[in-house]
>>> print(open('target_3.cif').read())   # mmCIF, C-alpha atoms
data_query
loop_
_atom_site.group_PDB
_atom_site.id
_atom_site.type_symbol
_atom_site.label_atom_id
_atom_site.label_comp_id
_atom_site.auth_asym_id
_atom_site.auth_seq_id
_atom_site.Cartn_x
_atom_site.Cartn_y
_atom_site.Cartn_z
ATOM 1 C CA MET A 1278 12.979 1.068 29.934
ATOM 2 C CA THR A 1279 13.562 -2.013 27.823
ATOM 3 C CA ALA A 1280 11.840 -2.718 24.513
ATOM 4 C CA ALA A 1281 8.464 -4.438 24.734
ATOM 5 C CA ALA A 1282 8.479 -8.113 23.804
ATOM 6 C CA VAL A 1283 7.725 -8.941 20.201
ATOM 7 C CA ASN A 1284 6.922 -12.305 18.597
ATOM 8 C CA ASP A 1285 9.341 -14.157 16.324
ATOM 9 C CA ALA A 1286 7.536 -12.735 13.265
ATOM 10 C CA TRP A 1287 4.830 -10.216 12.416
ATOM 11 C CA MET A 1288 1.693 -12.360 12.332
ATOM 12 C CA GLU A 1289 -2.082 -12.247 11.879
ATOM 13 C CA THR A 1290 -2.859 -8.530 12.105
ATOM 14 C CA CYS A 1291 -1.792 -5.248 10.546
ATOM 15 C CA LEU A 1292 -3.166 -1.788 9.812
ATOM 16 C CA ILE A 1293 -3.901 -0.512 6.296
ATOM 17 C CA ALA A 1294 -4.412 3.067 5.125
ATOM 18 C CA ILE A 1295 -5.248 4.104 1.567
ATOM 19 C CA SER A 1296 -5.424 7.774 0.643
ATOM 20 C CA LYS A 1297 -6.136 9.675 -2.544
ATOM 21 C CA ILE A 1298 -3.759 12.573 -3.157
ATOM 22 C CA SER A 1299 -4.947 15.590 -1.110
ATOM 23 C CA GLY A 1300 -7.521 13.329 0.558
ATOM 24 C CA SER A 1301 -7.979 11.534 3.881
ATOM 25 C CA ASP A 1302 -6.426 8.236 4.940
ATOM 26 C CA ILE A 1303 -9.048 5.487 4.818
ATOM 27 C CA ALA A 1304 -8.612 2.313 6.901
ATOM 28 C CA PHE A 1305 -9.166 -0.986 5.063
ATOM 29 C CA ALA A 1306 -7.947 -3.643 7.518
ATOM 30 C CA SER A 1307 -11.489 -4.587 8.570
ATOM 31 C CA VAL A 1308 -12.386 -5.924 5.098
ATOM 32 C CA THR A 1309 -9.001 -7.313 3.974
ATOM 33 C CA GLU A 1310 -7.870 -10.939 4.234
ATOM 34 C CA THR A 1311 -4.464 -10.913 2.527
ATOM 35 C CA ILE A 1312 -1.903 -8.415 1.198
ATOM 36 C CA ASP A 1313 0.800 -9.413 -1.287
ATOM 37 C CA PHE A 1314 3.652 -7.049 -2.138
ATOM 38 C CA ASP A 1315 5.628 -7.314 -5.356
ATOM 39 C CA LEU A 1316 8.288 -4.643 -4.940
ATOM 40 C CA GLY A 1317 10.216 -3.708 -8.064
ATOM 41 C CA GLU A 1318 13.439 -5.528 -8.879
ATOM 42 C CA LYS A 1319 16.745 -3.718 -9.415
ATOM 43 C CA ASP A 1320 17.832 -6.347 -11.885
ATOM 44 C CA ILE A 1321 21.155 -6.787 -13.600
ATOM 45 C CA GLU A 1322 22.181 -8.438 -16.824
ATOM 46 C CA GLY A 1323 25.518 -9.919 -17.779
ATOM 47 C CA ILE A 1324 26.719 -8.856 -21.240
ATOM 48 C CA PRO A 1325 29.199 -11.397 -22.618
ATOM 49 C CA LEU A 1326 32.525 -10.142 -23.982
ATOM 50 C CA VAL A 1327 34.603 -11.878 -26.653
ATOM 51 C CA ASN A 1328 37.272 -12.687 -24.055
ATOM 52 C CA GLY A 1329 34.748 -14.673 -22.038
ATOM 53 C CA GLY A 1330 34.261 -11.968 -19.448
ATOM 54 C CA ARG A 1331 31.094 -10.088 -18.640
ATOM 55 C CA VAL A 1332 30.012 -6.492 -18.295
ATOM 56 C CA THR A 1333 27.323 -6.075 -15.642
ATOM 57 C CA LYS A 1334 24.507 -3.964 -17.050
ATOM 58 C CA TRP A 1335 22.180 -2.261 -14.600
ATOM 59 C CA ASN A 1336 18.500 -2.466 -15.531
ATOM 60 C CA PRO A 1337 16.152 0.287 -14.302
ATOM 61 C CA GLU A 1338 14.226 -0.530 -11.128
ATOM 62 C CA GLY A 1339 10.861 -2.086 -11.964
ATOM 63 C CA ASP A 1340 7.363 -1.075 -10.933
ATOM 64 C CA SER A 1341 5.944 -2.193 -7.574
ATOM 65 C CA SER A 1342 2.484 -3.543 -6.872
ATOM 66 C CA VAL A 1343 0.244 -4.550 -3.984
ATOM 67 C CA THR A 1344 -2.573 -7.074 -4.287
ATOM 68 C CA PHE A 1345 -5.380 -7.209 -1.725
ATOM 69 C CA GLU A 1346 -7.910 -9.988 -1.250
ATOM 70 C CA ALA A 1347 -10.877 -8.484 0.515
ATOM 71 C CA TYR A 1348 -14.527 -8.951 1.452
ATOM 72 C CA PRO A 1349 -16.224 -5.553 1.206
ATOM 73 C CA LEU A 1350 -19.998 -5.260 1.407
ATOM 74 C CA GLN A 1351 -20.198 -1.993 -0.542
ATOM 75 C CA ALA A 1352 -19.108 -0.760 -3.960
ATOM 76 C CA GLY A 1353 -17.126 2.118 -2.456
ATOM 77 C CA THR A 1354 -16.757 4.446 0.502
ATOM 78 C CA ASP A 1355 -19.205 7.354 0.500
ATOM 79 C CA SER A 1356 -17.859 9.048 3.661
ATOM 80 C CA GLY A 1357 -15.856 8.489 6.841
ATOM 81 C CA THR A 1358 -12.432 6.997 7.469
ATOM 82 C CA THR A 1359 -13.332 3.285 7.259
ATOM 83 C CA GLY A 1360 -13.107 1.678 3.837
ATOM 84 C CA LEU A 1361 -16.318 0.001 2.687
ATOM 85 C CA GLY A 1362 -15.472 -0.922 -0.903
ATOM 86 C CA PHE A 1363 -12.840 -0.671 -3.623
ATOM 87 C CA TYR A 1364 -14.458 0.114 -6.988
ATOM 88 C CA ASP A 1365 -14.282 3.863 -6.373
ATOM 89 C CA LEU A 1366 -10.484 3.571 -6.093
ATOM 90 C CA LEU A 1367 -10.408 2.489 -9.732
ATOM 91 C CA HIS A 1368 -12.844 5.127 -11.000
ATOM 92 C CA SER A 1369 -14.447 8.323 -9.682
ATOM 93 C CA VAL A 1370 -15.712 8.436 -6.088
ATOM 94 C CA ASP A 1371 -19.464 8.642 -5.476
ATOM 95 C CA SER A 1372 -20.101 10.390 -2.144
ATOM 96 C CA ALA A 1373 -23.905 10.061 -2.334
ATOM 97 C CA VAL A 1374 -26.062 7.120 -1.307
ATOM 98 C CA PRO A 1375 -26.966 4.756 -2.759
ATOM 99 C CA ILE A 1376 -23.439 4.434 -4.102
ATOM 100 C CA ARG A 1377 -23.249 4.025 -7.864
ATOM 101 C CA ILE A 1378 -19.855 3.936 -9.592
ATOM 102 C CA VAL A 1379 -19.734 3.847 -13.386
ATOM 103 C CA ASN A 1380 -16.414 3.170 -15.081
ATOM 104 C CA ASP A 1381 -14.757 6.283 -16.488
ATOM 105 C CA ARG A 1382 -11.382 7.614 -17.636
ATOM 106 C CA ASN A 1383 -10.485 9.143 -14.278
ATOM 107 C CA ARG A 1384 -7.137 8.067 -12.787
ATOM 108 C CA ASP A 1385 -6.461 9.408 -9.294
ATOM 109 C CA LYS A 1386 -3.099 8.989 -7.574
ATOM 110 C CA TYR A 1387 -3.141 7.015 -4.310
ATOM 111 C CA ARG A 1388 -0.840 6.153 -1.419
ATOM 112 C CA VAL A 1389 -0.896 2.812 0.415
ATOM 113 C CA LEU A 1390 0.501 2.359 3.938
ATOM 114 C CA VAL A 1391 0.656 -0.944 5.850
ATOM 115 C CA LEU A 1392 1.845 -1.072 9.477
ATOM 116 C CA TRP A 1393 2.746 -3.975 11.749
ATOM 117 C CA THR A 1394 3.412 -3.113 15.386
ATOM 118 C CA ASN A 1395 3.122 -4.383 18.957
ATOM 119 C CA ASP A 1396 2.112 -0.879 20.082
ATOM 120 C CA SER A 1397 -1.620 -1.077 20.781
ATOM 121 C CA THR A 1398 -1.902 2.720 20.886
ATOM 122 C CA ALA A 1399 -1.170 2.906 17.149
ATOM 123 C CA THR A 1400 -4.635 2.519 15.636
ATOM 124 C CA THR A 1401 -3.980 3.613 12.054
ATOM 125 C CA ALA A 1402 -1.285 2.732 9.521
ATOM 126 C CA GLN A 1403 -0.106 6.343 9.459
ATOM 127 C CA SER A 1404 0.221 6.579 13.257
ATOM 128 C CA ALA A 1405 3.413 7.195 15.179
ATOM 129 C CA THR A 1406 4.564 4.391 17.461
ATOM 130 C CA ALA A 1407 5.485 4.930 21.090
ATOM 131 C CA GLU A 1408 8.882 4.532 22.702
ATOM 132 C CA ASN A 1409 9.931 0.943 23.519
ATOM 133 C CA TYR A 1410 7.711 -0.670 20.873
ATOM 134 C CA SER A 1411 8.633 -2.372 17.602
ATOM 135 C CA ALA A 1412 7.094 -1.734 14.203
ATOM 136 C CA LEU A 1413 7.553 -2.166 10.477
ATOM 137 C CA ARG A 1414 5.798 -0.039 7.867
ATOM 138 C CA ILE A 1415 5.656 -0.288 4.068
ATOM 139 C CA GLY A 1416 4.503 2.657 1.985
ATOM 140 C CA LEU A 1417 3.910 3.145 -1.734
ATOM 141 C CA ALA A 1418 2.869 6.456 -3.281
ATOM 142 C CA ASP A 1419 2.041 8.164 -6.586
ATOM 143 C CA GLY A 1420 0.445 4.966 -7.841
ATOM 144 C CA HIS A 1421 -2.886 3.905 -9.252
ATOM 145 C CA PHE A 1422 -5.370 1.130 -8.639
ATOM 146 C CA THR A 1423 -5.314 -0.915 -11.826
ATOM 147 C CA SER A 1424 -7.873 -3.657 -11.202
ATOM 148 C CA VAL A 1425 -10.812 -4.522 -8.942
ATOM 149 C CA LYS A 1426 -12.057 -8.040 -9.681
ATOM 150 C CA PRO A 1427 -15.035 -9.595 -7.857
ATOM 151 C CA ASN A 1428 -15.248 -13.381 -7.566
ATOM 152 C CA PHE A 1429 -18.183 -15.491 -6.315
ATOM 153 C CA THR A 1430 -16.815 -18.906 -7.343
ATOM 154 C CA ASP A 1431 -16.954 -20.518 -3.892
ATOM 155 C CA GLY A 1432 -20.177 -18.807 -2.824
ATOM 156 C CA THR A 1433 -18.452 -15.964 -0.960
ATOM 157 C CA LEU A 1434 -18.036 -12.621 -2.724
ATOM 158 C CA LYS A 1435 -14.333 -11.778 -2.685
ATOM 159 C CA PHE A 1436 -12.560 -8.890 -4.416
ATOM 160 C CA THR A 1437 -9.003 -9.075 -5.714
ATOM 161 C CA VAL A 1438 -7.636 -5.527 -5.895
ATOM 162 C CA THR A 1439 -4.332 -4.441 -7.444
ATOM 163 C CA TYR A 1440 -2.416 -1.204 -6.873
ATOM 164 C CA LYS A 1441 0.681 -0.329 -8.899
ATOM 165 C CA CYS A 1442 3.285 2.434 -8.796
ATOM 166 C CA ALA A 1443 6.450 3.333 -10.673
ATOM 167 C CA ALA A 1444 9.753 3.180 -8.814
ATOM 168 C CA PHE A 1445 10.260 6.954 -9.024
ATOM 169 C CA ASP A 1446 8.309 10.078 -9.886
ATOM 170 C CA LYS A 1447 9.260 12.353 -12.799
ATOM 171 C CA SER A 1448 11.791 14.212 -10.638
ATOM 172 C CA GLY A 1449 13.510 10.972 -9.617
ATOM 173 C CA ASN A 1450 12.127 10.838 -6.068
ATOM 174 C CA GLY A 1451 11.378 7.380 -4.709
ATOM 175 C CA ASN A 1452 7.814 6.059 -4.509
ATOM 176 C CA VAL A 1453 8.480 3.037 -2.259
ATOM 177 C CA MET A 1454 9.404 3.219 1.439
ATOM 178 C CA ILE A 1455 10.037 0.628 4.160
ATOM 179 C CA GLU A 1456 10.835 1.720 7.720
ATOM 180 C CA SER A 1457 11.120 -0.063 11.052
ATOM 181 C CA CYS A 1458 12.022 0.386 14.691
ATOM 182 C CA ALA A 1459 12.939 -1.988 17.512
ATOM 183 C CA GLY A 1460 12.048 0.211 20.489
ATOM 184 C CA SER A 1461 15.613 0.261 21.751
ATOM 185 C CA GLY A 1462 15.560 3.864 22.954
ATOM 186 C CA ALA A 1463 13.773 7.184 23.058
ATOM 187 C CA THR A 1464 14.456 7.948 19.403
ATOM 188 C CA ASP A 1465 13.883 4.408 18.089
ATOM 189 C CA LYS A 1466 10.220 4.806 17.122
ATOM 190 C CA LEU A 1467 8.278 5.446 13.945
ATOM 191 C CA PRO A 1468 7.011 8.966 13.235
ATOM 192 C CA ALA A 1469 3.474 9.766 12.164
ATOM 193 C CA ILE A 1470 2.992 9.991 8.405
ATOM 194 C CA ALA A 1471 1.337 13.237 7.321
ATOM 195 C CA SER A 1472 -1.474 13.494 4.809
ATOM 196 C CA TYR A 1473 -0.595 12.586 1.234
ATOM 197 C CA THR A 1474 -0.177 15.599 -1.043
ATOM 198 C CA ALA A 1475 1.767 16.500 -4.168
ATOM 199 C CA ALA A 1476 4.523 17.807 -1.872
ATOM 200 C CA ASN A 1477 4.431 14.994 0.703
ATOM 201 C CA LYS A 1478 4.589 11.244 0.174
ATOM 202 C CA PHE A 1479 5.892 9.839 3.452
ATOM 203 C CA GLY A 1480 6.876 12.883 5.543
#
>>> encode(input="target_3.cif", output="structure tokens")
Amino acid sequence: MTAAAVNDAWMETCLIAISKISGSDIAFASVTETIDFDLGEKDIEGIPLVNGGRVTKWNPEGDSSVTFEAYPLQAGTDSGTTGLGFYDLLHSVDSAVPIRIVNDRNRDKYRVLVLWTNDSTATTAQSATAENYSALRIGLADGHFTSVKPNFTDGTLKFTVTYKCAAFDKSGNGNVMIESCAGSGATDKLPAIASYTAANKFG
């Protein structure tokens, strides 16, 4: 079989999953308008020598961040696998209704997955894709939500939400992953991503 047709670019739709460490993946595509990635730079710096030459200095890879613009109707998600709000990602989760989230010193680790694919059977960002279909997935783990900012300036309540992670964990393992497939054969497909735990980021 040949690979299924794909457009010239990934456009309009994607799947989003956000999960707290040792928690469930929660889908947020239904409330999100835009997603902006700022992946960390592996910058260099030229150090001038007295002979006019340069030594290339490697700078450590920078932090990565994701910014969502979204239109949730709730403060947070009390239950289920569909995201209803974002403020509980910044502070402690309230699983009772009515939802009330008071700012606190809690800082949970989270993973963010975003998937683009032409495989209609993949219904979550952590899903596997089928043979002969194309996909691209970005994942960030061991990070924290650092801001949740509501805005009602134009008469529509919009939230700007920022997630940030370091380039590596304390053991030097990477926290940022990008994978893709073009559906060119039986093995050219994305695997399912297992639940996020201390021992598993993207496996």
>>> closest_residue(input="target_3.cif", among="A:Leu1392, A:Leu1326, A:Leu1361, A:Leu1467", to="Phe1305 (chain A)", atoms="all atoms listed in the file")
A:Leu1361
>>> resolve_selection(input="target_3.cif", expression="the PyMOL selection byres ((chain A and resi 1451) around 12)", output="short mmCIF file (atom, residue, chain, number, x, y, z; two decimals) with C-alpha atoms, keeping the file's coordinate frame")
data_model
loop_
_atom_site.label_atom_id
_atom_site.label_comp_id
_atom_site.auth_asym_id
_atom_site.auth_seq_id
_atom_site.Cartn_x
_atom_site.Cartn_y
_atom_site.Cartn_z
CA GLY A 1317 10.22 -3.71 -8.06
CA GLU A 1338 14.23 -0.53 -11.13
CA GLY A 1339 10.86 -2.09 -11.96
CA ASP A 1340 7.36 -1.08 -10.93
CA SER A 1341 5.94 -2.19 -7.57
CA GLY A 1416 4.50 2.66 1.98
CA LEU A 1417 3.91 3.14 -1.73
CA ALA A 1418 2.87 6.46 -3.28
CA ASP A 1419 2.04 8.16 -6.59
CA GLY A 1420 0.44 4.97 -7.84
CA CYS A 1442 3.28 2.43 -8.80
CA ALA A 1443 6.45 3.33 -10.67
CA ALA A 1444 9.75 3.18 -8.81
CA PHE A 1445 10.26 6.95 -9.02
CA ASP A 1446 8.31 10.08 -9.89
CA LYS A 1447 9.26 12.35 -12.80
CA SER A 1448 11.79 14.21 -10.64
CA GLY A 1449 13.51 10.97 -9.62
CA ASN A 1450 12.13 10.84 -6.07
CA ASN A 1452 7.81 6.06 -4.51
CA VAL A 1453 8.48 3.04 -2.26
CA MET A 1454 9.40 3.22 1.44
CA ILE A 1455 10.04 0.63 4.16
CA ASN A 1477 4.43 14.99 0.70
CA LYS A 1478 4.59 11.24 0.17
CA PHE A 1479 5.89 9.84 3.45
#
>>> atom_distance(input="target_3.cif", atom1="CA of Glu1408 (chain A)", atom2="CA of Val1389 (chain A)")
24.4 Å
>>> atom_distance(input="target_3.cif", atom1="CA of Asn1380 (chain A)", atom2="CA of Leu1316 (chain A)")
27.8 Å
>>> resolve_selection(input="target_3.cif", expression="the PyMOL selection byres ((chain A and resi 1424-1432) around 12)", output="ChimeraX atom specification")
/A:1342-1353,1362-1368,1380,1384,1421-1423,1433-1441
>>> write_last_selection(input="target_3.cif", atoms="C-alpha atoms", output="compact mmCIF listing (two decimals), keeping the file's coordinate frame")
# COMPACT_ATOMS: atom_id res chain seq x y z
CA SER A 1342 2.48 -3.54 -6.87
CA VAL A 1343 0.24 -4.55 -3.98
CA THR A 1344 -2.57 -7.07 -4.29
CA PHE A 1345 -5.38 -7.21 -1.72
CA GLU A 1346 -7.91 -9.99 -1.25
CA ALA A 1347 -10.88 -8.48 0.52
CA TYR A 1348 -14.53 -8.95 1.45
CA PRO A 1349 -16.22 -5.55 1.21
CA LEU A 1350 -20.00 -5.26 1.41
CA GLN A 1351 -20.20 -1.99 -0.54
CA ALA A 1352 -19.11 -0.76 -3.96
CA GLY A 1353 -17.13 2.12 -2.46
CA GLY A 1362 -15.47 -0.92 -0.90
CA PHE A 1363 -12.84 -0.67 -3.62
CA TYR A 1364 -14.46 0.11 -6.99
CA ASP A 1365 -14.28 3.86 -6.37
CA LEU A 1366 -10.48 3.57 -6.09
CA LEU A 1367 -10.41 2.49 -9.73
CA HIS A 1368 -12.84 5.13 -11.00
CA ASN A 1380 -16.41 3.17 -15.08
CA ARG A 1384 -7.14 8.07 -12.79
CA HIS A 1421 -2.89 3.90 -9.25
CA PHE A 1422 -5.37 1.13 -8.64
CA THR A 1423 -5.31 -0.92 -11.83
CA THR A 1433 -18.45 -15.96 -0.96
CA LEU A 1434 -18.04 -12.62 -2.72
CA LYS A 1435 -14.33 -11.78 -2.68
CA PHE A 1436 -12.56 -8.89 -4.42
CA THR A 1437 -9.00 -9.07 -5.71
CA VAL A 1438 -7.64 -5.53 -5.90
CA THR A 1439 -4.33 -4.44 -7.44
CA TYR A 1440 -2.42 -1.20 -6.87
CA LYS A 1441 0.68 -0.33 -8.90
>>> residues_around(input="target_3.cif", residues="Lys1466 (chain A)", least_positions_apart="2", cutoff="7 Å", atoms="all atoms listed in the file", output="list in words")
Thr1406, Ala1407, Glu1408, Cys1458, Gly1460, Thr1464 and Pro1468 of chain A
>>> atom_distance(input="target_3.cif", atom1="CA of Trp1393 (chain A)", atom2="CA of Ala1280 (chain A)")
15.7 Å
>>> resolve_selection(input="target_3.cif", expression="the PyMOL selection byres ((chain A and resi 1391) around 6)", output="ChimeraX atom specification")
/A:1292-1293,1390,1392,1402,1414-1415
>>> closest_residue(input="target_3.cif", among="A:Ala1469, A:Val1370, A:Ala1459, A:Ala1286", to="Gly1300 (chain A)", atoms="all atoms listed in the file")
A:Val1370
>>> build_atoms(input="target_3.cif", residues="region 1311-1340 of chain A", atoms="N, CA and C atoms", output="short mmCIF file (atom, residue, chain, number, x, y, z; two decimals), keeping the file's coordinate frame")
data_model
loop_
_atom_site.label_atom_id
_atom_site.label_comp_id
_atom_site.auth_asym_id
_atom_site.auth_seq_id
_atom_site.Cartn_x
_atom_site.Cartn_y
_atom_site.Cartn_z
N THR A 1311 -5.89 -10.75 2.82
CA THR A 1311 -4.46 -10.91 2.53
C THR A 1311 -3.93 -9.69 1.78
N ILE A 1312 -2.61 -9.48 1.91
CA ILE A 1312 -1.90 -8.41 1.20
C ILE A 1312 -0.62 -9.02 0.64
N ASP A 1313 -0.41 -8.90 -0.66
CA ASP A 1313 0.80 -9.41 -1.29
C ASP A 1313 1.55 -8.26 -1.95
N PHE A 1314 2.81 -8.10 -1.57
CA PHE A 1314 3.65 -7.05 -2.14
C PHE A 1314 4.56 -7.65 -3.21
N ASP A 1315 4.66 -6.96 -4.32
CA ASP A 1315 5.63 -7.31 -5.36
C ASP A 1315 6.45 -6.06 -5.64
N LEU A 1316 7.47 -5.85 -4.81
CA LEU A 1316 8.29 -4.64 -4.94
C LEU A 1316 9.24 -4.78 -6.12
N GLY A 1317 9.46 -3.68 -6.82
CA GLY A 1317 10.22 -3.71 -8.06
C GLY A 1317 11.65 -4.22 -7.92
N GLU A 1318 12.08 -4.99 -8.88
CA GLU A 1318 13.44 -5.53 -8.88
C GLU A 1318 14.43 -4.51 -9.43
N LYS A 1319 15.62 -4.47 -8.85
CA LYS A 1319 16.74 -3.72 -9.41
C LYS A 1319 17.65 -4.75 -10.09
N ASP A 1320 17.21 -5.20 -11.24
CA ASP A 1320 17.83 -6.35 -11.88
C ASP A 1320 19.14 -5.96 -12.57
N ILE A 1321 19.93 -6.96 -12.83
CA ILE A 1321 21.16 -6.79 -13.60
C ILE A 1321 21.17 -7.79 -14.74
N GLU A 1322 22.05 -7.54 -15.68
CA GLU A 1322 22.18 -8.44 -16.82
C GLU A 1322 23.64 -8.53 -17.20
N GLY A 1323 24.13 -9.73 -17.37
CA GLY A 1323 25.52 -9.92 -17.78
C GLY A 1323 25.65 -9.87 -19.29
N ILE A 1324 26.48 -8.97 -19.80
CA ILE A 1324 26.72 -8.86 -21.24
C ILE A 1324 28.04 -9.56 -21.56
N PRO A 1325 27.97 -10.63 -22.35
CA PRO A 1325 29.20 -11.40 -22.62
C PRO A 1325 30.17 -10.65 -23.53
N LEU A 1326 31.46 -10.73 -23.19
CA LEU A 1326 32.52 -10.14 -23.98
C LEU A 1326 33.24 -11.25 -24.76
N VAL A 1327 33.95 -10.87 -25.81
CA VAL A 1327 34.60 -11.88 -26.65
C VAL A 1327 35.75 -12.59 -25.94
N ASN A 1328 36.21 -12.00 -24.80
CA ASN A 1328 37.27 -12.69 -24.06
C ASN A 1328 36.71 -13.65 -23.02
N GLY A 1329 35.38 -13.79 -23.01
CA GLY A 1329 34.75 -14.67 -22.04
C GLY A 1329 34.31 -13.98 -20.77
N GLY A 1330 34.69 -12.72 -20.63
CA GLY A 1330 34.26 -11.97 -19.45
C GLY A 1330 32.85 -11.41 -19.60
N ARG A 1331 32.45 -10.66 -18.63
CA ARG A 1331 31.09 -10.09 -18.64
C ARG A 1331 31.15 -8.62 -18.18
N VAL A 1332 30.31 -7.83 -18.78
CA VAL A 1332 30.01 -6.49 -18.30
C VAL A 1332 28.66 -6.55 -17.61
N THR A 1333 28.59 -6.07 -16.37
CA THR A 1333 27.32 -6.08 -15.64
C THR A 1333 26.52 -4.84 -16.01
N LYS A 1334 25.40 -5.06 -16.65
CA LYS A 1334 24.51 -3.96 -17.05
C LYS A 1334 23.44 -3.78 -15.99
N TRP A 1335 23.24 -2.56 -15.56
CA TRP A 1335 22.18 -2.26 -14.60
C TRP A 1335 20.88 -2.01 -15.35
N ASN A 1336 19.83 -2.73 -14.98
CA ASN A 1336 18.50 -2.47 -15.53
C ASN A 1336 17.74 -1.53 -14.60
N PRO A 1337 16.92 -0.63 -15.15
CA PRO A 1337 16.15 0.29 -14.30
C PRO A 1337 15.27 -0.48 -13.32
N GLU A 1338 15.09 0.10 -12.13
CA GLU A 1338 14.23 -0.53 -11.13
C GLU A 1338 12.80 -0.65 -11.65
N GLY A 1339 12.19 -1.81 -11.44
CA GLY A 1339 10.86 -2.09 -11.96
C GLY A 1339 9.75 -1.49 -11.12
N ASP A 1340 8.55 -1.53 -11.65
CA ASP A 1340 7.36 -1.08 -10.93
C ASP A 1340 7.08 -1.98 -9.73
#
